[in-house]
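Enquirer: I am sharing query01.txt, which consists of compact mmCIF, N, CA and C atoms:
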# COMPACT_ATOMS: atom_id res chain seq x y z
N MET A 1 -97.83 -55.63 39.45
CA MET A 1 -98.51 -55.26 38.23
C MET A 1 -100.01 -55.52 38.40
N THR A 2 -100.84 -54.67 37.86
CA THR A 2 -102.28 -54.80 37.97
C THR A 2 -102.78 -55.92 37.08
N ASN A 3 -103.67 -56.72 37.63
CA ASN A 3 -104.30 -57.76 36.82
C ASN A 3 -105.64 -57.26 36.32
N PHE A 4 -105.86 -57.47 35.05
CA PHE A 4 -107.11 -57.08 34.39
C PHE A 4 -107.91 -58.32 34.09
N THR A 5 -109.20 -58.14 33.83
CA THR A 5 -109.94 -59.23 33.21
C THR A 5 -109.49 -59.28 31.76
N LEU A 6 -109.76 -60.36 31.09
CA LEU A 6 -109.38 -60.47 29.69
C LEU A 6 -110.05 -59.36 28.88
N GLU A 7 -111.29 -59.06 29.18
CA GLU A 7 -112.01 -58.01 28.46
C GLU A 7 -111.35 -56.65 28.66
N GLN A 8 -110.95 -56.35 29.90
CA GLN A 8 -110.29 -55.07 30.20
C GLN A 8 -108.94 -54.98 29.49
N TYR A 9 -108.21 -56.07 29.45
CA TYR A 9 -106.92 -56.10 28.76
C TYR A 9 -107.10 -55.76 27.29
N ILE A 10 -108.08 -56.37 26.66
CA ILE A 10 -108.31 -56.13 25.24
C ILE A 10 -108.79 -54.70 25.01
N LEU A 11 -109.63 -54.18 25.89
CA LEU A 11 -110.06 -52.78 25.77
C LEU A 11 -108.89 -51.83 25.92
N LYS A 12 -107.97 -52.14 26.83
CA LYS A 12 -106.81 -51.27 27.06
C LYS A 12 -105.95 -51.15 25.81
N TYR A 13 -105.69 -52.26 25.15
CA TYR A 13 -104.78 -52.27 24.01
C TYR A 13 -105.49 -52.18 22.65
N GLY A 14 -106.77 -52.48 22.62
CA GLY A 14 -107.49 -52.54 21.35
C GLY A 14 -107.38 -53.94 20.76
N ASP A 15 -108.32 -54.28 19.91
CA ASP A 15 -108.38 -55.63 19.35
C ASP A 15 -107.10 -55.99 18.59
N SER A 16 -106.61 -55.08 17.79
CA SER A 16 -105.45 -55.37 16.95
C SER A 16 -104.19 -55.62 17.77
N ALA A 17 -103.85 -54.69 18.65
CA ALA A 17 -102.63 -54.82 19.47
C ALA A 17 -102.75 -56.00 20.43
N ALA A 18 -103.92 -56.18 21.05
CA ALA A 18 -104.10 -57.30 21.97
C ALA A 18 -103.96 -58.63 21.24
N SER A 19 -104.48 -58.70 20.03
CA SER A 19 -104.36 -59.95 19.28
C SER A 19 -102.90 -60.25 18.95
N GLN A 20 -102.13 -59.22 18.66
CA GLN A 20 -100.70 -59.42 18.40
C GLN A 20 -99.97 -59.81 19.68
N ASN A 21 -100.26 -59.14 20.78
CA ASN A 21 -99.61 -59.44 22.06
C ASN A 21 -99.88 -60.88 22.50
N LEU A 22 -101.11 -61.34 22.28
CA LEU A 22 -101.53 -62.66 22.78
C LEU A 22 -101.46 -63.76 21.73
N ALA A 23 -101.01 -63.41 20.53
CA ALA A 23 -100.88 -64.38 19.43
C ALA A 23 -102.21 -65.08 19.14
N ILE A 24 -103.27 -64.27 19.04
CA ILE A 24 -104.59 -64.76 18.66
C ILE A 24 -105.06 -63.92 17.48
N SER A 25 -106.12 -64.36 16.84
CA SER A 25 -106.64 -63.58 15.73
C SER A 25 -107.37 -62.34 16.25
N GLU A 26 -107.44 -61.34 15.42
CA GLU A 26 -108.15 -60.12 15.79
C GLU A 26 -109.63 -60.42 16.01
N ARG A 27 -110.15 -61.34 15.23
CA ARG A 27 -111.55 -61.74 15.37
C ARG A 27 -111.79 -62.39 16.74
N SER A 28 -110.85 -63.23 17.18
CA SER A 28 -110.97 -63.85 18.51
C SER A 28 -110.90 -62.79 19.60
N ALA A 29 -109.97 -61.83 19.45
CA ALA A 29 -109.87 -60.76 20.45
C ALA A 29 -111.18 -60.00 20.57
N ALA A 30 -111.80 -59.69 19.45
CA ALA A 30 -113.07 -58.97 19.46
C ALA A 30 -114.16 -59.81 20.13
N ALA A 31 -114.20 -61.10 19.85
CA ALA A 31 -115.20 -61.97 20.46
C ALA A 31 -114.97 -62.11 21.96
N TYR A 32 -113.72 -62.21 22.40
CA TYR A 32 -113.42 -62.27 23.83
C TYR A 32 -113.82 -60.96 24.51
N ARG A 33 -113.54 -59.84 23.87
CA ARG A 33 -113.87 -58.52 24.43
C ARG A 33 -115.37 -58.38 24.62
N ARG A 34 -116.14 -58.86 23.66
CA ARG A 34 -117.61 -58.75 23.74
C ARG A 34 -118.23 -59.83 24.62
N GLY A 35 -117.44 -60.79 25.08
CA GLY A 35 -117.97 -61.86 25.92
C GLY A 35 -118.68 -62.94 25.13
N GLU A 36 -118.49 -62.97 23.84
CA GLU A 36 -119.14 -63.97 23.00
C GLU A 36 -118.43 -65.32 23.04
N ARG A 37 -117.15 -65.28 23.31
CA ARG A 37 -116.33 -66.50 23.38
C ARG A 37 -115.36 -66.38 24.53
N ARG A 38 -114.82 -67.51 24.94
CA ARG A 38 -113.76 -67.56 25.95
C ARG A 38 -112.65 -68.45 25.43
N PRO A 39 -111.42 -68.19 25.87
CA PRO A 39 -110.32 -69.07 25.47
C PRO A 39 -110.51 -70.47 26.04
N ARG A 40 -109.95 -71.46 25.37
CA ARG A 40 -109.97 -72.82 25.89
C ARG A 40 -109.10 -72.86 27.15
N PRO A 41 -109.50 -73.66 28.13
CA PRO A 41 -108.70 -73.75 29.37
C PRO A 41 -107.23 -74.09 29.11
N LYS A 42 -106.95 -74.92 28.13
CA LYS A 42 -105.56 -75.30 27.86
C LYS A 42 -104.75 -74.14 27.32
N ASP A 43 -105.40 -73.10 26.78
CA ASP A 43 -104.71 -71.94 26.22
C ASP A 43 -104.45 -70.84 27.25
N ILE A 44 -105.11 -70.90 28.39
CA ILE A 44 -105.01 -69.83 29.38
C ILE A 44 -103.58 -69.62 29.89
N PRO A 45 -102.83 -70.67 30.25
CA PRO A 45 -101.45 -70.42 30.71
C PRO A 45 -100.59 -69.69 29.67
N ARG A 46 -100.76 -70.02 28.40
CA ARG A 46 -100.01 -69.35 27.33
C ARG A 46 -100.39 -67.88 27.25
N LEU A 47 -101.67 -67.57 27.35
CA LEU A 47 -102.13 -66.18 27.29
C LEU A 47 -101.61 -65.38 28.48
N ILE A 48 -101.58 -65.99 29.66
CA ILE A 48 -101.04 -65.32 30.84
C ILE A 48 -99.57 -64.99 30.62
N ASN A 49 -98.83 -65.94 30.11
CA ASN A 49 -97.40 -65.73 29.85
C ASN A 49 -97.19 -64.62 28.82
N LEU A 50 -97.95 -64.63 27.75
CA LEU A 50 -97.79 -63.64 26.69
C LEU A 50 -98.20 -62.23 27.15
N SER A 51 -99.06 -62.16 28.16
CA SER A 51 -99.50 -60.84 28.66
C SER A 51 -98.45 -60.18 29.54
N ARG A 52 -97.39 -60.89 29.85
CA ARG A 52 -96.30 -60.38 30.69
C ARG A 52 -96.79 -59.92 32.06
N GLY A 53 -97.65 -60.74 32.65
CA GLY A 53 -98.09 -60.48 34.02
C GLY A 53 -99.34 -59.62 34.16
N GLU A 54 -99.87 -59.14 33.07
CA GLU A 54 -101.08 -58.30 33.17
C GLU A 54 -102.34 -59.14 33.32
N LEU A 55 -102.27 -60.40 32.95
CA LEU A 55 -103.39 -61.31 33.13
C LEU A 55 -102.98 -62.40 34.12
N SER A 56 -103.96 -62.93 34.84
CA SER A 56 -103.73 -64.04 35.76
C SER A 56 -104.88 -65.03 35.54
N PHE A 57 -104.85 -66.16 36.24
CA PHE A 57 -105.96 -67.11 36.09
C PHE A 57 -107.28 -66.44 36.46
N ALA A 58 -107.28 -65.57 37.46
CA ALA A 58 -108.51 -64.88 37.86
C ALA A 58 -109.05 -63.99 36.74
N SER A 59 -108.19 -63.54 35.84
CA SER A 59 -108.62 -62.69 34.73
C SER A 59 -109.63 -63.38 33.83
N PHE A 60 -109.57 -64.69 33.80
CA PHE A 60 -110.41 -65.46 32.89
C PHE A 60 -111.67 -65.97 33.55
N PHE A 61 -111.74 -65.86 34.87
CA PHE A 61 -112.88 -66.41 35.60
C PHE A 61 -113.54 -65.37 36.51
N ALA A 62 -113.19 -64.10 36.36
CA ALA A 62 -113.66 -63.04 37.25
C ALA A 62 -115.19 -62.99 37.33
N GLY A 63 -115.87 -63.09 36.21
CA GLY A 63 -117.32 -63.01 36.20
C GLY A 63 -117.99 -64.23 36.77
N ASP A 64 -117.27 -65.34 36.85
CA ASP A 64 -117.85 -66.58 37.35
C ASP A 64 -118.04 -66.59 38.86
N TRP A 65 -117.39 -65.67 39.57
CA TRP A 65 -117.43 -65.67 41.02
C TRP A 65 -118.56 -64.83 41.57
N GLN A 66 -119.28 -64.16 40.72
CA GLN A 66 -120.36 -63.27 41.20
C GLN A 66 -121.65 -64.01 41.34
Kindly present the structure from the file in structure tokens form.
Expert:
Amino acid sequence: MTNFTLEQYILKYGDSAASQNLAISERSAAAYRRGERRPRPKDIPRLINLSRGELSFASFFAGDWQ
């Protein structure tokens, strides 16, 4: 399965559907998509699990490696 960045995942599904898939608020999804906020490190494993393999740890740190 293809791994996306968190921003790409939210763009793919839209703020509303992504927020439902990941059990976060729609406002949080929009802020993550715009890069204004990031999930807490302790929440990342839960988000990976809820994405059903579309997100990985690298999805949350992709921009940090450049």
Enquirer: Which polymer residues have any atom within 10 Å of an atom of range 50-52 of chain A, counting only C-alpha atoms, with same-chain residues fewer than 4 positions away left out, as a list in words?
Expert: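 What passes the distance filter is Met1, Asn3, Leu6, Tyr9, Ala18, Gln20, Asn21, Leu22, Ala23, Ile44, Pro45, Arg46 and Ser56 of chain A.
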Enquirer: Compare A:Phe60, A:Ser25, A:Leu55, A:Ser19 by their minimum atom-to-atom distance to Arg38 in chain A, counting all atoms listed in the file, and give me the closest one.
Expert: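 Using all atoms listed in the file, Arg38 in chain A sits closest to A:Phe60.
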Enquirer: Which of these residues is nearest to Ala30 in chain A, using all atoms listed in the file: A:Glu54, A:Asp15, A:Glu7, A:Asp43?
Expert: A:Asp15
Enquirer: Going by DSSP on the backbone, which residues of chain A come out as alpha helix (DSSP H)? List them as a PyMOL selection string.
Expert: chain A and resi 6-22+26-34+44-50+57-61
Enquirer: Can you write just those residues out, N, CA and C atoms, as a compact mmCIF listing (two decimals), in the frame of the given file?
Expert:
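The result, written out as again.txt:
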# COMPACT_ATOMS: atom_id res chain seq x y z
N LEU A 6 -109.76 -60.36 31.09
CA LEU A 6 -109.38 -60.47 29.69
C LEU A 6 -110.05 -59.36 28.88
N GLU A 7 -111.29 -59.06 29.18
CA GLU A 7 -112.01 -58.01 28.46
C GLU A 7 -111.35 -56.65 28.66
N GLN A 8 -110.95 -56.35 29.90
CA GLN A 8 -110.29 -55.07 30.20
C GLN A 8 -108.94 -54.98 29.49
N TYR A 9 -108.21 -56.07 29.45
CA TYR A 9 -106.92 -56.10 28.76
C TYR A 9 -107.10 -55.76 27.29
N ILE A 10 -108.08 -56.37 26.66
CA ILE A 10 -108.31 -56.13 25.24
C ILE A 10 -108.79 -54.70 25.01
N LEU A 11 -109.63 -54.18 25.89
CA LEU A 11 -110.06 -52.78 25.77
C LEU A 11 -108.89 -51.83 25.92
N LYS A 12 -107.97 -52.14 26.83
CA LYS A 12 -106.81 -51.27 27.06
C LYS A 12 -105.95 -51.15 25.81
N TYR A 13 -105.69 -52.26 25.15
CA TYR A 13 -104.78 -52.27 24.01
C TYR A 13 -105.49 -52.18 22.65
N GLY A 14 -106.77 -52.48 22.62
CA GLY A 14 -107.49 -52.54 21.35
C GLY A 14 -107.38 -53.94 20.76
N ASP A 15 -108.32 -54.28 19.91
CA ASP A 15 -108.38 -55.63 19.35
C ASP A 15 -107.10 -55.99 18.59
N SER A 16 -106.61 -55.08 17.79
CA SER A 16 -105.45 -55.37 16.95
C SER A 16 -104.19 -55.62 17.77
N ALA A 17 -103.85 -54.69 18.65
CA ALA A 17 -102.63 -54.82 19.47
C ALA A 17 -102.75 -56.00 20.43
N ALA A 18 -103.92 -56.18 21.05
CA ALA A 18 -104.10 -57.30 21.97
C ALA A 18 -103.96 -58.63 21.24
N SER A 19 -104.48 -58.70 20.03
CA SER A 19 -104.36 -59.95 19.28
C SER A 19 -102.90 -60.25 18.95
N GLN A 20 -102.13 -59.22 18.66
CA GLN A 20 -100.70 -59.42 18.40
C GLN A 20 -99.97 -59.81 19.68
N ASN A 21 -100.26 -59.14 20.78
CA ASN A 21 -99.61 -59.44 22.06
C ASN A 21 -99.88 -60.88 22.50
N LEU A 22 -101.11 -61.34 22.28
CA LEU A 22 -101.53 -62.66 22.78
C LEU A 22 -101.46 -63.76 21.73
N GLU A 26 -107.44 -61.34 15.42
CA GLU A 26 -108.15 -60.12 15.79
C GLU A 26 -109.63 -60.42 16.01
N ARG A 27 -110.15 -61.34 15.23
CA ARG A 27 -111.55 -61.74 15.37
C ARG A 27 -111.79 -62.39 16.74
N SER A 28 -110.85 -63.23 17.18
CA SER A 28 -110.97 -63.85 18.51
C SER A 28 -110.90 -62.79 19.60
N ALA A 29 -109.97 -61.83 19.45
CA ALA A 29 -109.87 -60.76 20.45
C ALA A 29 -111.18 -60.00 20.57
N ALA A 30 -111.80 -59.69 19.45
CA ALA A 30 -113.07 -58.97 19.46
C ALA A 30 -114.16 -59.81 20.13
N ALA A 31 -114.20 -61.10 19.85
CA ALA A 31 -115.20 -61.97 20.46
C ALA A 31 -114.97 -62.11 21.96
N TYR A 32 -113.72 -62.21 22.40
CA TYR A 32 -113.42 -62.27 23.83
C TYR A 32 -113.82 -60.96 24.51
N ARG A 33 -113.54 -59.84 23.87
CA ARG A 33 -113.87 -58.52 24.43
C ARG A 33 -115.37 -58.38 24.62
N ARG A 34 -116.14 -58.86 23.66
CA ARG A 34 -117.61 -58.75 23.74
C ARG A 34 -118.23 -59.83 24.62
N ILE A 44 -105.11 -70.90 28.39
CA ILE A 44 -105.01 -69.83 29.38
C ILE A 44 -103.58 -69.62 29.89
N PRO A 45 -102.83 -70.67 30.25
CA PRO A 45 -101.45 -70.42 30.71
C PRO A 45 -100.59 -69.69 29.67
N ARG A 46 -100.76 -70.02 28.40
CA ARG A 46 -100.01 -69.35 27.33
C ARG A 46 -100.39 -67.88 27.25
N LEU A 47 -101.67 -67.57 27.35
CA LEU A 47 -102.13 -66.18 27.29
C LEU A 47 -101.61 -65.38 28.48
N ILE A 48 -101.58 -65.99 29.66
CA ILE A 48 -101.04 -65.32 30.84
C ILE A 48 -99.57 -64.99 30.62
N ASN A 49 -98.83 -65.94 30.11
CA ASN A 49 -97.40 -65.73 29.85
C ASN A 49 -97.19 -64.62 28.82
N LEU A 50 -97.95 -64.63 27.75
CA LEU A 50 -97.79 -63.64 26.69
C LEU A 50 -98.20 -62.23 27.15
N PHE A 57 -104.85 -66.16 36.24
CA PHE A 57 -105.96 -67.11 36.09
C PHE A 57 -107.28 -66.44 36.46
N ALA A 58 -107.28 -65.57 37.46
CA ALA A 58 -108.51 -64.88 37.86
C ALA A 58 -109.05 -63.99 36.74
N SER A 59 -108.19 -63.54 35.84
CA SER A 59 -108.62 -62.69 34.73
C SER A 59 -109.63 -63.38 33.83
N PHE A 60 -109.57 -64.69 33.80
CA PHE A 60 -110.41 -65.46 32.89
C PHE A 60 -111.67 -65.97 33.55
N PHE A 61 -111.74 -65.86 34.87
CA PHE A 61 -112.88 -66.41 35.60
C PHE A 61 -113.54 -65.37 36.51
Enquirer: Can you tell me how far atom N of Gly53 in chain A sits from CA of Ala17 in chain A, in Å to one decimal?
Expert: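 Here the two named atoms are 15.3 Å from each other.
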Enquirer: Determine the nearest neighbour of Ala58 in chain A from the options A:Pro41, A:Ser28, A:Gly35, A:Thr5, counting only C-alpha atoms.
Expert: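 That would be A:Thr5, the residue with the smallest distance to Ala58 in chain A.
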Enquirer: Work out how far apart CA of Gln8 in chain A and CA of Arg27 in chain A are and give it in Å to one decimal.
Expert: 16.3 Å
